[in-house]
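Undergrad: Attaching a single structure in structure tokens format; questions to follow.
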Amino acid sequence: MASVASRRTLIGGMTVIGLVVLWFGLTTFTGLVTGARFPSPAEFWLSLKQINGRGYAGSTLASHAFHSLKLVLMGFTVAVLTGVPLGLWMGWNRRVEAFINPVFLIIRPIPPLAWIPLAILWLGLGDAAKILVIWFSAFVPSVINAFTGVRNIDKPILEAARMLGTPRLRMVREVILPASLPMIFTGLRLSLQASWTTLVAAELVGALVGVGFVLNMAQQDIYPGMILVGMVTVGILGWVTTLLLARVERRALAWNVAARD
Amino acid sequence: MTSPPLGFRETVLLGLAGLVSFIGLWSFLSVSGIVPAQFLPGPLDVASRFVHLLTAPFAGATLPAHLASSFQRYAYGVLLAAAIGVPLGLLMGFFRLLDDIVTPIFDGLRFIAPIAWVPFAALWFGTGVGGPIMIIFAGAFPPCLINAYRGARFVEPRLIEAARMLGTPSSRMILEVLLPAAVPSIIAGLRVSAGLGWQSLVGAELIVAAAGVGFMMVQAQGSVQTPTVMAGMIAIGLVGMLIDVLLRQGEGWLRRRRGLDS
């Protein structure tokens, strides 16, 4: 096993080195790919220095990134706080499910990104419109997975709890919520991904600050170095938030892993 | 135990009640003027605008014409993603070295939202047909690759051993052992891809495009024609749903033919 892992790391490392060499080779050394198409490493570095020093598109990279991160966290949190309880409720009570399901089925096929023009009409180019579309996009996976989580709970567990006369509130807090938590976290991962996609799209369509706005300005200025800076930033932000969520998940589900071992 | 399943009648009645309250609330907000009708037109206004747009051009074309041009780009993007992603995934499932090389690259790119490719797509392929196709490709590619890879990777080892023992060459191994065994997984991946590709298409058209439903919606937003924006949303939702239904049918047909479902 160890040799397989080290083989992977070795080849992976060589691939990364190979890509960097290829990047230098195609741009700086041979000029096969010109700076108008894709930036050379030097151009990328200069763009990075510019946005961190003088700033670009109105502010520095850190404040653009921080602003985008803030919006994603706000939209995501609102979506989770509304979506998960609704999903749990729909899973628990079939009347609620029957009441809400048809409306849900009508709204769900509309891709979250299609809400962007409407959100701009309603709320303008500021933060509120972005939070609204993030909420739309992250809400659906939260609801569906929480719902599925409740429906998949082993019946004997619920019957046992009920037979012991567990009161309602304790039932929700100590049986239903923990039992559906693994499914809920699956939904949260999807929600987080959807949040980033939607935010970047919304900022590309219209914004005054944020990573998507940097991408938008760089596109209009035909500035490949800055486009790459924006893309790398989007990737890093998505990666870091996913890691954080996985951390929270590990901590929240510690009991579950222990039970499996 | 959750509450017992409802009867058919109760389900239908409650569902209708849900729909009626949704449409009622929408109409109430719009008609009463709590939200100005300019920003939230009533359901009837949206429906009549939808019908109107079927024949009257807006932003250069009628709604069906916009849909047709959107769908063309969409089909190219998804087909390209399938044509590259599925074979690459199968090969990765068979050749270890390729897997070890491609996986780190793929993992590095995974966290970049497909929509973030818009500026490079516009720079490399223009904003007409090529740029949007690249963005749809970026959205639809990962599930094609991952599912073909998983399908090929988790083929029963006995099958592979048997084929290998009989001296099957690699090319036949991939085409006649891995591919058929991976088909269910591949089809599931294609369905996810189709959905993500449609989503990316909408994003691409909102940002860069000179035709298509997304473009129509942005134009309508610019001139504060809310009913047209909402009619566009409905059209996008309907087509997305239609694509999903057709693929589900296709999946079912394929599974039945292969005897996976009795």
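We label chains A, B, ... in the order they appear in the structure tokens, count residues from 1 in each chain, and number ligands from 1 in the order shown.
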Can you tell me which residues surround range 195-207 of chain B at a distance of at most 6 Å, considering only C-alpha atoms, apart from same-chain residues fewer than 5 positions away, and format the answer as a ChimeraX atom specification?
TA: /A:111,113,205 /B:132,136,139-140,214-215
Undergrad: Counting only C-alpha atoms, which residues from chain B have an atom at most 7 Å from any atom of chain A, and could you show them as an NGL selection string?
TA: :B and (1-3 or 5-6 or 11 or 14-15 or 17-19 or 39 or 100-101 or 104 or 111-113 or 115-116 or 119 or 123-124 or 199 or 202-203 or 206-207 or 217-218 or 221 or 224 or 229 or 233 or 236-237 or 240-241)
Undergrad: Let me see the file: selected residues, N, CA and C atoms, as an mmCIF file, in the first residue's frame.
TA:
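Listing of result17.cif after writing:
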```cif
data_model
loop_
_atom_site.group_PDB
_atom_site.id
_atom_site.type_symbol
_atom_site.label_atom_id
_atom_site.label_comp_id
_atom_site.auth_asym_id
_atom_site.auth_seq_id
_atom_site.Cartn_x
_atom_site.Cartn_y
_atom_site.Cartn_z
ATOM 1 N N MET B 1 -41.162 5.987 13.731
ATOM 2 C CA MET B 1 -41.746 5.932 12.387
ATOM 3 C C MET B 1 -42.317 7.287 12.001
ATOM 4 N N THR B 2 -42.017 7.729 10.811
ATOM 5 C CA THR B 2 -42.664 8.950 10.335
ATOM 6 C C THR B 2 -44.134 8.651 10.116
ATOM 7 N N SER B 3 -44.900 9.701 9.918
ATOM 8 C CA SER B 3 -46.332 9.495 9.764
ATOM 9 C C SER B 3 -46.594 8.561 8.586
ATOM 10 N N PRO B 5 -47.901 6.739 5.131
ATOM 11 C CA PRO B 5 -48.118 7.309 3.802
ATOM 12 C C PRO B 5 -49.555 7.800 3.631
ATOM 13 N N LEU B 6 -49.708 8.914 2.904
ATOM 14 C CA LEU B 6 -51.044 9.468 2.702
ATOM 15 C C LEU B 6 -51.727 8.720 1.572
ATOM 16 N N THR B 11 -52.986 13.282 -0.968
ATOM 17 C CA THR B 11 -51.771 13.796 -1.603
ATOM 18 C C THR B 11 -52.119 14.829 -2.665
ATOM 19 N N LEU B 14 -53.631 18.071 -1.079
ATOM 20 C CA LEU B 14 -52.609 18.898 -0.438
ATOM 21 C C LEU B 14 -51.691 19.538 -1.477
ATOM 22 N N GLY B 15 -51.353 18.774 -2.505
ATOM 23 C CA GLY B 15 -50.502 19.308 -3.565
ATOM 24 C C GLY B 15 -51.162 20.485 -4.255
ATOM 25 N N ALA B 17 -53.468 22.350 -2.981
ATOM 26 C CA ALA B 17 -53.506 23.459 -2.025
ATOM 27 C C ALA B 17 -52.174 24.198 -2.031
ATOM 28 N N GLY B 18 -51.084 23.453 -2.100
ATOM 29 C CA GLY B 18 -49.764 24.075 -2.143
ATOM 30 C C GLY B 18 -49.599 24.953 -3.366
ATOM 31 N N LEU B 19 -49.985 24.396 -4.531
ATOM 32 C CA LEU B 19 -49.854 25.167 -5.774
ATOM 33 C C LEU B 19 -50.718 26.415 -5.739
ATOM 34 N N PHE B 39 -41.922 45.084 -11.257
ATOM 35 C CA PHE B 39 -40.874 44.176 -10.805
ATOM 36 C C PHE B 39 -41.384 42.771 -10.527
ATOM 37 N N ASP B 100 -2.437 8.241 -12.747
ATOM 38 C CA ASP B 100 -1.560 8.990 -11.845
ATOM 39 C C ASP B 100 -1.195 10.365 -12.401
ATOM 40 N N ILE B 101 -1.163 10.474 -13.727
ATOM 41 C CA ILE B 101 -0.803 11.769 -14.321
ATOM 42 C C ILE B 101 -1.996 12.719 -14.344
ATOM 43 N N PRO B 104 -3.923 14.352 -10.564
ATOM 44 C CA PRO B 104 -3.525 15.602 -9.890
ATOM 45 C C PRO B 104 -3.971 16.853 -10.651
ATOM 46 N N PHE B 111 -11.751 22.752 -8.265
ATOM 47 C CA PHE B 111 -12.380 23.762 -7.410
ATOM 48 C C PHE B 111 -12.637 25.073 -8.131
ATOM 49 N N ILE B 112 -12.211 25.159 -9.381
ATOM 50 C CA ILE B 112 -12.505 26.375 -10.136
ATOM 51 C C ILE B 112 -13.890 26.233 -10.741
ATOM 52 N N ALA B 113 -14.807 27.101 -10.360
ATOM 53 C CA ALA B 113 -16.167 27.036 -10.903
ATOM 54 C C ALA B 113 -16.102 27.161 -12.426
ATOM 55 N N ILE B 115 -17.849 28.524 -14.489
ATOM 56 C CA ILE B 115 -18.157 29.866 -14.954
ATOM 57 C C ILE B 115 -16.928 30.769 -14.941
ATOM 58 N N ALA B 116 -15.946 30.444 -14.081
ATOM 59 C CA ALA B 116 -14.746 31.273 -14.007
ATOM 60 C C ALA B 116 -13.889 31.166 -15.271
ATOM 61 N N PRO B 119 -13.729 34.389 -18.945
ATOM 62 C CA PRO B 119 -12.819 35.339 -19.607
ATOM 63 C C PRO B 119 -11.873 34.663 -20.598
ATOM 64 N N LEU B 123 -11.633 35.016 -24.644
ATOM 65 C CA LEU B 123 -10.357 35.419 -25.241
ATOM 66 C C LEU B 123 -9.915 34.417 -26.308
ATOM 67 N N TRP B 124 -10.108 33.136 -26.034
ATOM 68 C CA TRP B 124 -9.605 32.105 -26.942
ATOM 69 C C TRP B 124 -10.565 31.804 -28.093
ATOM 70 N N GLN B 199 -26.969 24.286 -17.056
ATOM 71 C CA GLN B 199 -26.728 25.343 -16.078
ATOM 72 C C GLN B 199 -25.598 26.281 -16.535
ATOM 73 N N VAL B 202 -26.617 28.617 -19.389
ATOM 74 C CA VAL B 202 -27.346 29.810 -18.954
ATOM 75 C C VAL B 202 -26.354 30.865 -18.462
ATOM 76 N N GLY B 203 -25.392 30.426 -17.627
ATOM 77 C CA GLY B 203 -24.395 31.367 -17.123
ATOM 78 C C GLY B 203 -23.609 32.011 -18.255
ATOM 79 N N LEU B 206 -25.582 34.575 -20.093
ATOM 80 C CA LEU B 206 -25.835 35.807 -19.358
ATOM 81 C C LEU B 206 -24.647 36.748 -19.483
ATOM 82 N N ILE B 207 -23.443 36.172 -19.595
ATOM 83 C CA ILE B 207 -22.241 36.990 -19.544
ATOM 84 C C ILE B 207 -21.735 37.326 -20.946
ATOM 85 N N MET B 217 -32.650 37.283 -21.773
ATOM 86 C CA MET B 217 -32.990 37.679 -20.402
ATOM 87 C C MET B 217 -32.186 38.893 -19.946
ATOM 88 N N VAL B 218 -30.901 38.917 -20.310
ATOM 89 C CA VAL B 218 -30.082 40.066 -19.913
ATOM 90 C C VAL B 218 -30.586 41.338 -20.587
ATOM 91 N N GLN B 221 -33.628 42.385 -18.839
ATOM 92 C CA GLN B 221 -33.291 42.968 -17.542
ATOM 93 C C GLN B 221 -32.844 44.412 -17.731
ATOM 94 N N VAL B 224 -35.745 46.625 -18.084
ATOM 95 C CA VAL B 224 -36.743 46.405 -17.026
ATOM 96 C C VAL B 224 -38.024 45.794 -17.569
ATOM 97 N N VAL B 229 -38.119 38.499 -18.635
ATOM 98 C CA VAL B 229 -37.109 37.776 -17.850
ATOM 99 C C VAL B 229 -37.719 36.493 -17.291
ATOM 100 N N MET B 233 -36.985 32.445 -17.836
ATOM 101 C CA MET B 233 -36.718 31.462 -16.785
ATOM 102 C C MET B 233 -37.569 30.219 -16.978
ATOM 103 N N ILE B 236 -36.265 28.160 -19.883
ATOM 104 C CA ILE B 236 -35.050 27.429 -19.495
ATOM 105 C C ILE B 236 -35.405 26.224 -18.627
ATOM 106 N N GLY B 237 -36.326 26.448 -17.675
ATOM 107 C CA GLY B 237 -36.743 25.351 -16.804
ATOM 108 C C GLY B 237 -37.406 24.231 -17.582
ATOM 109 N N GLY B 240 -34.808 22.335 -19.655
ATOM 110 C CA GLY B 240 -33.976 21.533 -18.765
ATOM 111 C C GLY B 240 -34.703 20.279 -18.312
ATOM 112 N N MET B 241 -35.993 20.453 -17.997
ATOM 113 C CA MET B 241 -36.786 19.323 -17.536
ATOM 114 C C MET B 241 -36.951 18.301 -18.655
#
```
Undergrad: List the neighbours of Ala138 in chain B out to 8 Å using only C-alpha atoms; skip same-chain residues closer than 6 positions along the sequence, and give me the result as an NGL selection string.
TA: :B and (81 or 114 or 117)
